[in-house]
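One file, run03.cif, is given below (mmCIF, C-alpha atoms).
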```cif
data_my_file
loop_
_atom_site.label_atom_id
_atom_site.label_comp_id
_atom_site.auth_asym_id
_atom_site.auth_seq_id
_atom_site.Cartn_x
_atom_site.Cartn_y
_atom_site.Cartn_z
CA MET A 9 24.59 35.57 -18.10
CA GLY A 10 23.17 32.16 -17.43
CA PHE A 11 24.67 29.47 -15.25
CA ALA A 12 24.04 25.92 -14.18
CA GLY A 13 25.97 23.57 -12.02
CA ARG A 14 26.28 20.81 -9.52
CA VAL A 15 27.27 21.49 -5.93
CA ALA A 16 27.64 19.58 -2.66
CA THR A 17 27.21 16.20 -4.28
CA GLY A 18 27.97 14.34 -1.06
CA ALA A 19 25.41 16.27 0.95
CA GLY A 20 21.80 15.38 1.59
CA PRO A 21 19.06 17.32 -0.16
CA GLU A 22 18.73 19.93 2.57
CA GLU A 23 22.40 20.88 2.71
CA ALA A 24 22.75 20.63 -1.07
CA TRP A 25 19.77 22.96 -1.39
CA ARG A 26 21.35 25.49 0.96
CA VAL A 27 24.68 25.39 -0.87
CA ALA A 28 22.99 25.67 -4.27
CA ARG A 29 20.96 28.66 -3.13
CA ARG A 30 24.06 30.25 -1.65
CA VAL A 31 25.98 29.89 -4.90
CA GLU A 32 22.98 30.98 -6.94
CA ALA A 33 22.34 34.06 -4.84
CA THR A 34 26.01 34.99 -5.02
CA LEU A 35 26.26 34.58 -8.77
CA ARG A 36 23.04 36.50 -9.41
CA THR A 37 24.76 39.57 -8.02
CA ALA A 38 27.49 39.39 -10.65
CA PRO A 39 25.92 42.00 -12.97
CA ASP A 40 25.49 44.40 -10.02
CA GLY A 41 29.20 44.82 -9.52
CA VAL A 42 30.16 45.29 -13.13
CA PHE A 43 30.73 48.91 -14.06
CA TRP A 44 33.70 49.57 -16.30
CA ASP A 45 33.92 46.14 -17.96
CA ALA A 46 30.28 45.29 -18.49
CA ASP A 47 30.91 42.95 -21.39
CA ARG A 48 30.71 39.18 -21.27
CA HIS A 49 34.31 38.82 -20.16
CA GLY A 50 33.79 41.28 -17.33
CA LEU A 51 30.70 39.41 -16.19
CA LEU A 52 32.55 36.11 -16.16
CA ARG A 53 35.53 37.56 -14.28
CA ARG A 54 33.13 39.02 -11.72
CA ALA A 55 31.35 35.66 -11.36
CA TRP A 56 34.60 33.82 -10.68
CA SER A 57 35.65 36.51 -8.24
CA LEU A 58 32.38 36.23 -6.33
CA LEU A 59 32.65 32.48 -6.26
CA ASP A 60 36.12 32.76 -4.79
CA GLU A 61 34.76 34.84 -1.93
CA ILE A 62 32.52 32.06 -0.64
CA ARG A 63 34.26 30.33 2.23
CA PRO A 64 35.06 26.68 1.41
CA GLU A 65 33.08 25.29 4.33
CA ARG A 66 29.97 26.97 2.92
CA LEU A 67 30.22 24.93 -0.27
CA GLY A 68 29.26 21.59 1.26
CA PRO A 69 31.03 18.60 2.75
CA GLU A 70 33.70 18.63 0.03
CA ALA A 71 34.39 22.32 0.62
CA GLY A 72 33.85 23.08 -3.04
CA ARG A 73 36.21 20.41 -4.37
CA ASP A 74 33.21 18.85 -6.11
CA LEU A 75 32.02 22.07 -7.71
CA CYS A 76 30.92 21.87 -11.36
CA LEU A 77 29.74 25.07 -13.01
CA LEU A 78 28.83 26.16 -16.50
CA PHE A 79 28.60 29.84 -17.40
CA VAL A 80 27.22 31.29 -20.61
CA ALA A 81 27.57 35.04 -20.98
CA GLU A 82 26.44 37.07 -23.95
CA ASP A 83 26.95 40.62 -25.14
CA GLY A 84 26.67 42.39 -28.46
CA GLY A 85 29.94 40.89 -29.61
CA GLY A 86 29.21 37.23 -29.06
CA VAL A 87 28.74 34.43 -26.57
CA GLY A 88 31.30 33.29 -24.03
CA VAL A 89 31.24 29.86 -22.42
CA ALA A 90 33.29 29.11 -19.33
CA GLY A 91 33.18 26.60 -16.55
CA VAL A 92 34.81 24.26 -14.15
CA GLY A 93 34.36 20.55 -13.58
CA LEU A 94 32.94 19.92 -17.03
CA GLY A 95 33.33 16.60 -18.84
CA ALA A 96 31.70 17.64 -22.11
CA VAL A 97 29.85 20.68 -23.45
CA TRP A 98 27.36 20.79 -26.28
CA GLY A 99 25.55 23.58 -28.05
CA ARG A 100 22.27 23.29 -29.88
CA PHE A 101 22.23 24.96 -33.27
CA ASP A 102 19.28 24.62 -35.65
CA ASP A 103 17.80 22.08 -33.23
CA THR A 104 20.86 19.86 -33.45
CA PHE A 105 23.39 19.39 -30.70
CA ARG A 106 27.08 19.30 -31.40
CA ALA A 107 30.07 19.23 -29.11
CA LEU A 108 31.49 22.71 -28.61
CA VAL A 109 34.97 21.43 -27.81
CA PRO A 110 36.86 18.16 -28.23
CA LEU A 111 38.03 16.06 -25.32
CA GLY A 112 41.15 17.56 -23.81
CA HIS A 113 40.09 21.14 -24.46
CA PRO A 114 40.89 23.52 -21.57
CA LEU A 115 37.16 24.19 -21.09
CA LEU A 116 36.93 20.65 -19.77
CA GLY A 117 38.58 19.62 -16.56
CA LEU A 118 38.38 18.50 -12.98
CA ALA A 119 35.79 19.61 -10.48
CA GLY A 120 36.54 22.18 -7.82
CA ARG A 121 37.07 25.89 -7.58
CA PRO A 122 39.69 26.98 -10.09
CA LEU A 123 43.00 28.31 -8.83
CA ALA A 124 43.03 30.96 -11.56
CA VAL A 125 40.29 32.55 -13.64
CA PRO A 126 39.44 29.99 -16.34
CA GLY A 127 39.55 30.81 -20.00
CA VAL A 128 36.52 31.61 -22.10
CA LEU A 129 35.35 29.82 -25.20
CA THR A 130 33.99 32.38 -27.62
CA LEU A 131 31.18 31.42 -29.96
CA GLU A 132 30.52 33.57 -32.94
CA ARG A 133 27.05 32.16 -33.35
CA ARG A 134 24.55 32.14 -30.52
CA PRO A 135 23.45 28.59 -29.63
CA GLN A 136 19.83 27.91 -28.76
CA LEU A 137 20.98 26.03 -25.69
CA VAL A 138 24.21 25.03 -24.01
CA VAL A 139 24.39 21.89 -21.89
CA ALA A 140 27.26 20.15 -20.17
CA ALA A 141 28.05 16.89 -18.48
CA PRO A 142 29.84 17.21 -15.14
CA ALA A 143 33.33 15.81 -14.85
CA GLY A 144 33.20 12.16 -13.89
CA ALA A 145 29.90 11.54 -15.64
CA GLU A 146 29.83 9.75 -18.95
CA PRO A 147 30.35 12.47 -21.56
CA VAL A 148 27.36 11.40 -23.61
CA LEU A 149 24.40 13.59 -24.47
CA PRO A 150 21.15 12.11 -23.10
CA ASP A 151 18.81 10.80 -25.75
CA ALA A 152 15.92 12.94 -26.88
CA SER A 153 13.37 11.13 -24.73
CA SER A 154 15.13 11.89 -21.47
CA PHE A 155 17.06 14.99 -22.39
CA ALA A 156 14.68 17.58 -20.94
CA ARG A 157 14.20 15.69 -17.71
CA ARG A 158 17.94 15.14 -17.26
CA CYS A 159 18.32 18.89 -17.53
CA GLY A 160 15.64 19.40 -14.88
CA ASP A 161 13.07 20.64 -17.36
CA ARG A 162 9.69 19.11 -16.61
CA PRO A 163 6.33 20.27 -17.87
CA MET B 29 -27.40 -32.97 15.38
CA THR B 30 -24.41 -34.72 16.92
CA ALA B 31 -21.08 -33.59 15.57
CA LEU B 32 -19.01 -36.35 14.03
CA SER B 33 -15.75 -36.90 15.86
CA ASP B 34 -12.35 -36.22 14.33
CA ASP B 35 -11.58 -39.94 14.44
CA LEU B 36 -14.76 -40.78 12.56
CA LEU B 37 -14.08 -38.14 9.91
CA ARG B 38 -10.52 -39.34 9.45
CA GLY B 39 -11.95 -42.73 8.56
CA LEU B 40 -13.66 -41.29 5.50
CA ASP B 41 -12.35 -41.20 1.96
CA PRO B 42 -12.02 -37.45 1.30
CA ARG B 43 -13.10 -37.57 -2.34
CA ARG B 44 -15.77 -40.25 -2.09
CA ASP B 45 -17.19 -38.84 1.11
CA LEU B 46 -16.76 -35.18 0.21
CA GLU B 47 -20.38 -34.24 0.93
CA VAL B 48 -20.30 -35.95 4.32
CA LEU B 49 -17.19 -34.00 5.16
CA ARG B 50 -18.70 -30.79 3.86
CA GLY B 51 -21.81 -31.19 5.99
CA ALA B 52 -19.90 -32.15 9.09
CA LEU B 53 -17.43 -29.30 8.77
CA ALA B 54 -20.14 -26.75 7.97
CA GLN B 55 -21.92 -27.80 11.16
CA ARG B 56 -18.72 -27.46 13.16
CA LEU B 57 -18.08 -24.00 11.77
CA VAL B 58 -21.44 -22.94 13.13
CA ASP B 59 -21.42 -24.43 16.57
CA GLY B 60 -19.10 -27.38 16.81
CA PRO B 61 -15.56 -28.11 17.89
CA PRO B 62 -12.74 -26.54 15.88
CA VAL B 63 -12.16 -27.80 12.37
CA ASP B 64 -8.40 -27.41 12.53
CA GLY B 65 -7.70 -31.06 13.27
CA ILE B 66 -9.63 -32.22 10.24
CA TYR B 67 -8.18 -29.45 8.07
CA ASP B 68 -4.69 -30.54 9.14
CA TRP B 69 -5.52 -34.11 8.19
CA LEU B 70 -6.92 -33.05 4.82
CA ALA B 71 -3.92 -30.80 4.15
CA ALA B 72 -1.69 -33.83 4.44
CA ARG B 73 -4.04 -36.35 2.81
CA ASP B 74 -5.73 -34.43 -0.01
CA PRO B 75 -5.20 -30.67 -0.25
CA VAL B 76 -7.44 -30.49 -3.31
CA VAL B 77 -10.38 -31.54 -1.18
CA LEU B 78 -9.27 -29.08 1.50
CA ALA B 79 -9.32 -26.34 -1.14
CA GLU B 80 -12.74 -27.43 -2.34
CA LEU B 81 -14.09 -27.19 1.18
CA CYS B 82 -12.34 -23.92 2.06
CA VAL B 83 -12.70 -21.89 -1.13
CA GLY B 84 -14.64 -23.96 -3.63
CA PRO B 85 -17.90 -22.82 -5.20
CA ARG B 86 -19.90 -24.20 -2.28
CA ALA B 87 -17.44 -23.27 0.46
CA SER B 88 -18.79 -22.06 3.77
CA GLY B 89 -18.49 -18.31 4.06
CA GLY B 90 -18.01 -16.13 7.06
CA ALA B 91 -15.24 -15.08 9.35
CA VAL B 92 -14.94 -18.35 11.30
CA ALA B 93 -14.61 -20.44 8.13
CA VAL B 94 -12.10 -18.12 6.54
CA ARG B 95 -10.00 -17.82 9.67
CA ALA B 96 -9.78 -21.60 9.75
CA ALA B 97 -8.79 -21.61 6.08
CA LEU B 98 -6.14 -18.96 6.72
CA ARG B 99 -4.44 -21.43 9.05
CA GLN B 100 -4.02 -23.80 6.08
CA LEU B 101 -2.46 -21.44 3.59
CA SER B 102 0.61 -23.54 2.85
CA ALA B 103 -1.56 -26.44 1.77
CA LEU B 104 -4.01 -24.28 -0.14
CA GLU B 105 -1.23 -22.51 -2.03
CA ARG B 106 0.06 -25.89 -3.16
CA VAL B 107 -3.09 -26.44 -5.20
CA LEU B 108 -4.27 -22.90 -6.00
CA GLY B 109 -2.65 -19.78 -7.39
CA PRO B 110 -2.32 -17.13 -4.72
CA ALA B 111 -4.22 -14.38 -6.54
CA PRO B 112 -7.52 -16.25 -6.92
CA LEU B 113 -7.04 -17.94 -3.54
CA TYR B 114 -6.80 -14.73 -1.56
CA ARG B 115 -9.47 -13.01 -3.59
CA ARG B 116 -11.83 -15.88 -2.83
CA LEU B 117 -10.91 -15.87 0.84
CA ALA B 118 -11.55 -12.14 0.99
CA ASP B 119 -14.89 -12.53 -0.77
CA LEU B 120 -15.93 -15.28 1.64
CA GLY B 121 -14.48 -13.73 4.74
CA GLY B 122 -16.98 -11.08 5.75
CA GLU B 123 -15.47 -9.27 8.69
CA ALA B 124 -12.31 -11.40 8.25
CA ALA B 125 -11.66 -10.12 4.72
CA GLY B 126 -8.99 -7.81 6.07
CA GLU B 127 -7.28 -10.77 7.71
CA ALA B 128 -7.19 -12.52 4.34
CA LEU B 129 -5.56 -9.42 2.88
CA ASP B 130 -3.07 -9.28 5.75
CA ALA B 131 -2.15 -12.90 5.11
CA ALA B 132 -1.66 -12.19 1.41
CA ILE B 133 0.57 -9.23 2.25
CA ALA B 134 2.61 -11.28 4.71
CA ARG B 135 3.16 -14.14 2.27
CA HIS B 136 3.37 -12.19 -1.01
CA PRO B 137 4.41 -8.64 -0.16
CA ASP B 138 5.62 -7.83 -3.67
CA ALA B 139 2.88 -9.55 -5.67
CA GLY B 140 1.51 -7.53 -8.56
CA TRP B 141 -2.05 -8.58 -7.74
CA LEU B 142 -1.99 -7.17 -4.22
CA PRO B 143 -3.26 -3.68 -5.14
CA LYS B 144 -6.30 -5.15 -6.86
CA LEU B 145 -7.07 -7.32 -3.85
CA SER B 146 -6.53 -4.38 -1.55
CA VAL B 147 -8.92 -2.21 -3.54
CA ALA B 148 -11.57 -4.95 -3.29
CA VAL B 149 -11.11 -5.28 0.48
CA GLU B 150 -10.25 -1.77 1.62
CA GLY B 151 -12.08 0.39 -0.90
CA VAL B 152 -11.06 4.02 -0.50
CA GLU B 153 -8.51 2.96 2.09
CA ALA B 154 -6.75 0.76 -0.48
CA GLY B 155 -3.05 0.41 0.16
CA ARG B 156 -3.16 1.22 3.85
CA ARG B 157 -2.54 -2.32 5.12
CA HIS B 158 0.03 -3.13 2.44
CA LEU B 159 2.13 -0.03 2.83
CA SER B 160 1.95 0.09 6.61
CA ALA B 161 3.03 -3.55 6.76
CA LEU B 162 6.13 -2.79 4.70
CA ARG B 163 7.26 0.41 6.37
CA GLY B 164 10.90 0.18 7.31
CA ARG B 165 11.40 -2.95 5.24
CA THR B 166 13.47 -3.35 2.10
CA GLY B 167 10.43 -3.78 -0.14
CA TYR B 168 8.80 -0.54 0.93
CA ARG B 169 9.81 1.57 -2.05
CA ALA B 170 8.88 -1.20 -4.48
CA ALA B 171 5.50 -1.41 -2.80
CA LEU B 172 5.00 2.32 -3.22
CA ARG B 173 5.87 1.96 -6.88
CA ALA B 174 3.42 -0.92 -7.22
CA TRP B 175 0.62 1.37 -6.11
CA VAL B 176 1.59 3.97 -8.67
CA ASP B 177 1.78 1.31 -11.36
CA ALA B 178 -1.68 0.11 -10.32
CA ARG B 179 -2.98 3.62 -11.04
CA GLN B 180 -3.63 4.24 -7.38
CA PRO B 181 -1.24 7.11 -6.63
CA GLY B 182 -3.65 8.31 -3.96
CA ALA B 183 -2.49 5.45 -1.76
CA VAL B 184 1.05 6.79 -1.99
CA VAL B 185 -0.07 10.34 -1.33
CA ARG B 186 -1.86 9.23 1.83
CA GLU B 187 1.19 7.25 2.90
CA VAL B 188 3.48 10.24 2.42
CA VAL B 189 1.21 12.56 4.36
CA GLU B 190 0.58 10.13 7.21
CA THR B 191 4.16 9.03 7.67
CA GLY B 192 6.01 12.21 6.75
CA ASP B 193 8.39 9.95 4.82
CA VAL B 194 9.49 11.48 1.54
CA ALA B 195 10.16 8.07 -0.03
CA GLY B 196 6.70 8.12 -1.56
CA LEU B 197 7.23 11.62 -2.86
CA LEU B 198 10.33 10.47 -4.70
CA VAL B 199 8.46 7.52 -6.15
CA LEU B 200 5.69 9.78 -7.40
CA ILE B 201 8.19 12.09 -9.06
CA ALA B 202 10.09 9.21 -10.65
CA ALA B 203 6.79 7.99 -12.10
CA ASP B 204 5.90 11.44 -13.47
CA GLN B 205 2.83 11.66 -11.25
CA ARG B 206 2.69 15.42 -11.20
CA ALA B 207 -0.76 15.91 -9.68
CA ALA B 208 -0.08 13.36 -6.97
CA THR B 209 3.31 14.95 -6.31
CA VAL B 210 1.60 18.28 -5.72
CA SER B 211 -0.95 16.67 -3.39
CA ALA B 212 1.72 14.82 -1.44
CA ALA B 213 3.96 17.86 -1.11
CA ALA B 214 1.04 20.01 0.01
CA GLY B 215 -0.06 17.35 2.46
CA LEU B 216 3.42 17.12 3.93
CA LEU B 217 3.57 20.88 4.37
CA GLU B 218 0.12 21.00 5.92
CA ALA B 219 1.13 18.34 8.42
CA ALA B 220 4.55 19.83 9.18
CA PRO B 221 4.91 23.38 7.83
CA ASP B 222 8.64 23.51 8.57
CA ALA B 223 9.40 20.22 6.83
CA PRO B 224 12.15 20.54 4.19
CA VAL B 225 9.89 19.49 1.38
CA VAL B 226 11.27 21.90 -1.20
CA PRO B 227 14.88 20.61 -1.08
CA TRP B 228 13.60 17.09 -1.59
CA LEU B 229 11.46 18.23 -4.48
CA ALA B 230 14.46 19.98 -6.00
CA ALA B 231 16.62 16.90 -5.56
CA ALA B 232 14.15 14.63 -7.30
CA TRP B 233 12.27 16.93 -9.66
CA GLY B 234 15.14 19.07 -10.80
CA PRO B 235 15.91 22.75 -10.59
CA ASP B 236 12.95 24.02 -12.60
CA LEU B 237 10.54 24.05 -9.69
CA ASP B 238 8.55 27.21 -10.16
CA ALA B 239 5.48 25.80 -11.87
CA LEU B 240 5.35 22.80 -9.57
CA LEU B 241 5.67 24.90 -6.43
CA THR B 242 3.05 27.32 -7.73
CA ASP B 243 0.65 24.39 -7.85
CA VAL B 244 1.71 23.32 -4.36
CA VAL B 245 0.94 26.82 -3.10
CA GLY B 246 -2.48 26.56 -4.73
CA ALA B 247 -3.13 23.26 -2.98
CA LEU B 248 -2.27 24.48 0.52
CA GLN B 249 -5.14 25.27 2.85
CA ARG B 250 -3.45 26.19 6.11
CA THR B 251 -2.05 29.66 6.57
CA ALA B 252 0.76 28.25 8.70
CA ALA B 253 1.93 26.14 5.79
CA LEU B 254 1.77 29.10 3.42
CA GLU B 255 3.71 31.27 5.86
CA ALA B 256 6.44 28.70 6.39
CA LEU B 257 6.81 27.97 2.71
CA GLY B 258 7.95 31.53 2.13
CA ALA B 259 11.43 30.66 3.37
CA TRP B 260 11.91 28.27 0.47
CA LEU B 261 10.59 30.27 -2.45
CA GLY B 262 13.48 32.63 -3.12
CA PRO B 263 14.49 31.02 -6.41
CA THR B 264 10.91 30.50 -7.62
CA PRO B 265 9.34 33.91 -8.26
CA GLY B 266 6.10 32.52 -9.67
CA ALA B 267 5.44 30.41 -6.61
CA ALA B 268 6.49 33.26 -4.32
CA ALA B 269 3.98 35.57 -6.00
CA ALA B 270 1.25 32.94 -5.81
CA ARG B 271 1.93 32.55 -2.10
CA LEU B 272 1.60 36.28 -1.51
CA ARG B 273 -1.68 36.30 -3.41
CA ARG B 274 -2.96 33.44 -1.27
CA LEU B 275 -1.99 35.34 1.84
CA GLY B 276 -3.67 38.49 0.55
CA ARG B 277 -0.42 40.44 0.42
CA ALA B 278 -0.18 41.01 -3.30
#
```
Encoded form using structure tokens:
Amino acid sequence: MGFAGRVATGAGPEEAWRVARRVEATLRTAPDGVFWDADRHGLLRRAWSLLDEIRPERLGPEAGRDLCLLFVAEDGGGVGVAGVGLGAVWGRFDDTFRALVPLGHPLLGLAGRPLAVPGVLTLERRPQLVVAAPAGAEPVLPDASSFARRCGDRP
Amino acid sequence: MTALSDDLLRGLDPRRDLEVLRGALAQRLVDGPPVDGIYDWLAARDPVVLAELCVGPRASGGAVAVRAALRQLSALERVLGPAPLYRRLADLGGEAAGEALDAAIARHPDAGWLPKLSVAVEGVEAGRRHLSALRGRTGYRAALRAWVDARQPGAVVREVVETGDVAGLLVLIAADQRAATVSAAAGLLEAAPDAPVVPWLAAAWGPDLDALLTDVVGALQRTAALEALGAWLGPTPGAAAARLRRLGRA
């Protein structure tokens, strides 16, 4: 399972770093607790459950109301995409990006911890890459010249 | 030789009697009364002649002459572009060259030609006077960027390390100055091992920090900095391993 996100947007770099590491460390334990439902759906349920256990005040000044997360989980049966606080989601297939869902799809929605376990978008074909724009940002894919950098990928 | 009085000099025609003025003022700059009164008169009467005397091809050089010229900058800038004016003043100024640079910084803090002038005056210390003059002012970040654009990122690195201000680090990252970013980050950590350099790097560089931090680890010299950095390297296994190797624990 891979994940990316945006946390503690109103915090300074130090607090945002701490919150990001806290969320990252928590989510990295997701596979450890999966025993009887070790498929992609089980992993995602476990990730949401772990996220729910983090106390709100430990998610930054907005207490997690600004949380944006993208999960991609894969097993032998396919790829599942889930998230919260997403404004648009794209997948790269054959080196070309295309939107995975149209505007208004349940995968897209407001930031903040979900009240119930979100649904999962199942992809029959494995994308080379999945990227998302956080809710509130312009739902436009960055152009090729700045794409890698906008995703935090620098040589 | 008897110095000509201010009243006598003011009776001259500046252009017709240029050489008389030049001789009289050159004498004064060596051992006579101040030239400021005559310079003030020339600034009002004929600033072109003032410029000829202060910075022309046959201008008197030396600190005293240039300091007197620096008191006439408003008039001189009316007839000369600032870039060649300050370069000439710096060239003529001897030990007052730095004062010419300071005047240029004070009057044109965001000029694109400042880095070149600074390099000519300060050499390896280029940027020190400019950046220190602008610390805490609104143009500070633009000045940092100007030094990067002038291909002098070392000036920004030094500024970051000496001030502990991460503003320069962010400018280096925004300009894709990877090597300078590594130097600045390492310098910050050497100076203050507990400084939260890594969160700032993450905020500006992005989440994929491992390779960058591995280079930072390689640039660190002090054991204290290497020890303290360990607290930040949880999500960057490559950098964490490099740190342990540097500390002889791997």
Chain A contacts on chain B, only C-alpha atoms, 10 Å, as JSON, numbers by chain:
{"B": [204, 206, 224, 225, 226, 227, 228, 229, 230, 231, 232, 233, 234, 235, 236, 237, 239, 240, 260, 262, 263]}
Going by the chain IDs and residue numbers used in this file, which residues fall under the PyMOL selection byres ((chain B and resi 53-56) around 12)? Write them as a PyMOL selection string.
chain B and resi 29-34+37+46-52+57-67+70+78+81-82+86-90+92-94+96-97
Give me a file of those residues, with C-alpha atoms, as an mmCIF file, in the frame of the given file.
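Saved the output as again_20.cif:
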```cif
data_model
loop_
_atom_site.group_PDB
_atom_site.id
_atom_site.type_symbol
_atom_site.label_atom_id
_atom_site.label_comp_id
_atom_site.auth_asym_id
_atom_site.auth_seq_id
_atom_site.Cartn_x
_atom_site.Cartn_y
_atom_site.Cartn_z
ATOM 1 C CA MET B 29 -27.400 -32.970 15.380
ATOM 2 C CA THR B 30 -24.410 -34.720 16.920
ATOM 3 C CA ALA B 31 -21.080 -33.590 15.570
ATOM 4 C CA LEU B 32 -19.010 -36.350 14.030
ATOM 5 C CA SER B 33 -15.750 -36.900 15.860
ATOM 6 C CA ASP B 34 -12.350 -36.220 14.330
ATOM 7 C CA LEU B 37 -14.080 -38.140 9.910
ATOM 8 C CA LEU B 46 -16.760 -35.180 0.210
ATOM 9 C CA GLU B 47 -20.380 -34.240 0.930
ATOM 10 C CA VAL B 48 -20.300 -35.950 4.320
ATOM 11 C CA LEU B 49 -17.190 -34.000 5.160
ATOM 12 C CA ARG B 50 -18.700 -30.790 3.860
ATOM 13 C CA GLY B 51 -21.810 -31.190 5.990
ATOM 14 C CA ALA B 52 -19.900 -32.150 9.090
ATOM 15 C CA LEU B 57 -18.080 -24.000 11.770
ATOM 16 C CA VAL B 58 -21.440 -22.940 13.130
ATOM 17 C CA ASP B 59 -21.420 -24.430 16.570
ATOM 18 C CA GLY B 60 -19.100 -27.380 16.810
ATOM 19 C CA PRO B 61 -15.560 -28.110 17.890
ATOM 20 C CA PRO B 62 -12.740 -26.540 15.880
ATOM 21 C CA VAL B 63 -12.160 -27.800 12.370
ATOM 22 C CA ASP B 64 -8.400 -27.410 12.530
ATOM 23 C CA GLY B 65 -7.700 -31.060 13.270
ATOM 24 C CA ILE B 66 -9.630 -32.220 10.240
ATOM 25 C CA TYR B 67 -8.180 -29.450 8.070
ATOM 26 C CA LEU B 70 -6.920 -33.050 4.820
ATOM 27 C CA LEU B 78 -9.270 -29.080 1.500
ATOM 28 C CA LEU B 81 -14.090 -27.190 1.180
ATOM 29 C CA CYS B 82 -12.340 -23.920 2.060
ATOM 30 C CA ARG B 86 -19.900 -24.200 -2.280
ATOM 31 C CA ALA B 87 -17.440 -23.270 0.460
ATOM 32 C CA SER B 88 -18.790 -22.060 3.770
ATOM 33 C CA GLY B 89 -18.490 -18.310 4.060
ATOM 34 C CA GLY B 90 -18.010 -16.130 7.060
ATOM 35 C CA VAL B 92 -14.940 -18.350 11.300
ATOM 36 C CA ALA B 93 -14.610 -20.440 8.130
ATOM 37 C CA VAL B 94 -12.100 -18.120 6.540
ATOM 38 C CA ALA B 96 -9.780 -21.600 9.750
ATOM 39 C CA ALA B 97 -8.790 -21.610 6.080
#
```
Check the smallest atom-to-atom distance from each of A:Gly50, A:Gly95, A:Arg100, A:Arg106 to Pro142 in chain A using only C-alpha atoms, then report the winner.
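Using only C-alpha atoms, the shortest distance to Pro142 in chain A belongs to A:Gly95.
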I would like the residues chosen by the PyMOL selection byres ((chain B and resi 218) around 8) on the shown file; could you give them as a PDB file with C-alpha atoms, keeping the file's coordinate frame?
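Printed below is result05.pdb as written:
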```
ATOM      1  CA  ALA B 214       1.040  20.010   0.010  1.00  0.00           C
ATOM      2  CA  GLY B 215      -0.060  17.350   2.460  1.00  0.00           C
ATOM      3  CA  LEU B 216       3.420  17.120   3.930  1.00  0.00           C
ATOM      4  CA  LEU B 217       3.570  20.880   4.370  1.00  0.00           C
ATOM      5  CA  ALA B 219       1.130  18.340   8.420  1.00  0.00           C
ATOM      6  CA  ALA B 220       4.550  19.830   9.180  1.00  0.00           C
ATOM      7  CA  PRO B 221       4.910  23.380   7.830  1.00  0.00           C
ATOM      8  CA  LEU B 248      -2.270  24.480   0.520  1.00  0.00           C
ATOM      9  CA  GLN B 249      -5.140  25.270   2.850  1.00  0.00           C
ATOM     10  CA  ARG B 250      -3.450  26.190   6.110  1.00  0.00           C
ATOM     11  CA  ALA B 252       0.760  28.250   8.700  1.00  0.00           C
ATOM     12  CA  ALA B 253       1.930  26.140   5.790  1.00  0.00           C
TER      13      ALA B 253
END
```
Report as an mmCIF file with C-alpha atoms, in the coordinates of the input the residues that result from applying the PyMOL selection byres ((chain A and resi 41) around 12) to the structure here.
```
data_model
loop_
_atom_site.group_PDB
_atom_site.id
_atom_site.type_symbol
_atom_site.label_atom_id
_atom_site.label_comp_id
_atom_site.auth_asym_id
_atom_site.auth_seq_id
_atom_site.Cartn_x
_atom_site.Cartn_y
_atom_site.Cartn_z
ATOM 1 C CA THR A 34 26.010 34.990 -5.020
ATOM 2 C CA LEU A 35 26.260 34.580 -8.770
ATOM 3 C CA ARG A 36 23.040 36.500 -9.410
ATOM 4 C CA THR A 37 24.760 39.570 -8.020
ATOM 5 C CA ALA A 38 27.490 39.390 -10.650
ATOM 6 C CA PRO A 39 25.920 42.000 -12.970
ATOM 7 C CA ASP A 40 25.490 44.400 -10.020
ATOM 8 C CA VAL A 42 30.160 45.290 -13.130
ATOM 9 C CA PHE A 43 30.730 48.910 -14.060
ATOM 10 C CA TRP A 44 33.700 49.570 -16.300
ATOM 11 C CA ASP A 45 33.920 46.140 -17.960
ATOM 12 C CA ALA A 46 30.280 45.290 -18.490
ATOM 13 C CA GLY A 50 33.790 41.280 -17.330
ATOM 14 C CA LEU A 51 30.700 39.410 -16.190
ATOM 15 C CA LEU A 52 32.550 36.110 -16.160
ATOM 16 C CA ARG A 53 35.530 37.560 -14.280
ATOM 17 C CA ARG A 54 33.130 39.020 -11.720
ATOM 18 C CA ALA A 55 31.350 35.660 -11.360
ATOM 19 C CA SER A 57 35.650 36.510 -8.240
ATOM 20 C CA LEU A 58 32.380 36.230 -6.330
#
```
Just the number, please: distance in Å from CA of Trp98 in chain A to CA of Gly13 in chain A, one decimal.
14.6 Å
Place a sphere of radius 12 Å on (22.2, 34.0, -19.4) in the file coordinates and name every protein, DNA or RNA residue with an atom inside or on its surface, counting only C-alpha atoms; give the answer as JSON, numbers by chain.
{"A": [9, 10, 11, 12, 35, 36, 38, 39, 48, 51, 52, 78, 79, 80, 81, 82, 83, 87, 88, 89, 134, 135, 136, 137, 138]}
Using 6 Å of padding on each side, determine the axis-aligned box around all atoms of range 120-139 of chain A present in the file and give its centre and edge lengths in Å to one decimal, as lines of an AutoDock Vina configuration file.
```
center_x = 31.4
center_y = 27.7
center_z = -20.5
size_x = 35.2
size_y = 23.7
size_z = 37.8
```
What gap, in Å, lies between CA of Thr17 in chain A and CA of Gly72 in chain A?
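Atom-to-atom, CA of Thr17 in chain A and CA of Gly72 in chain A are spaced 9.6 Å apart.
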Tell me which protein, DNA and RNA residues are within 10 Å of Pro126 in chain A, counting all atoms listed in the file, leaving out same-chain ones fewer than 2 positions away, and put them as a VMD selection string.
chain A and resid 52 to 53 56 90 to 92 114 to 115 121 to 124 128 to 129
Atom pair CA of Pro64 in chain A / CA of Leu94 in chain A: separation (Å)
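Taking CA of Pro64 in chain A as the start and CA of Leu94 in chain A as the end point, the length is 19.8 Å.
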For Glu190 in chain B: contacts at 12 Å, only C-alpha atoms, fewer than 2 positions along chain excluded, given as a ChimeraX atom specification:
/B:156,159-160,163,183-188,192-194,196,212-213,215-220
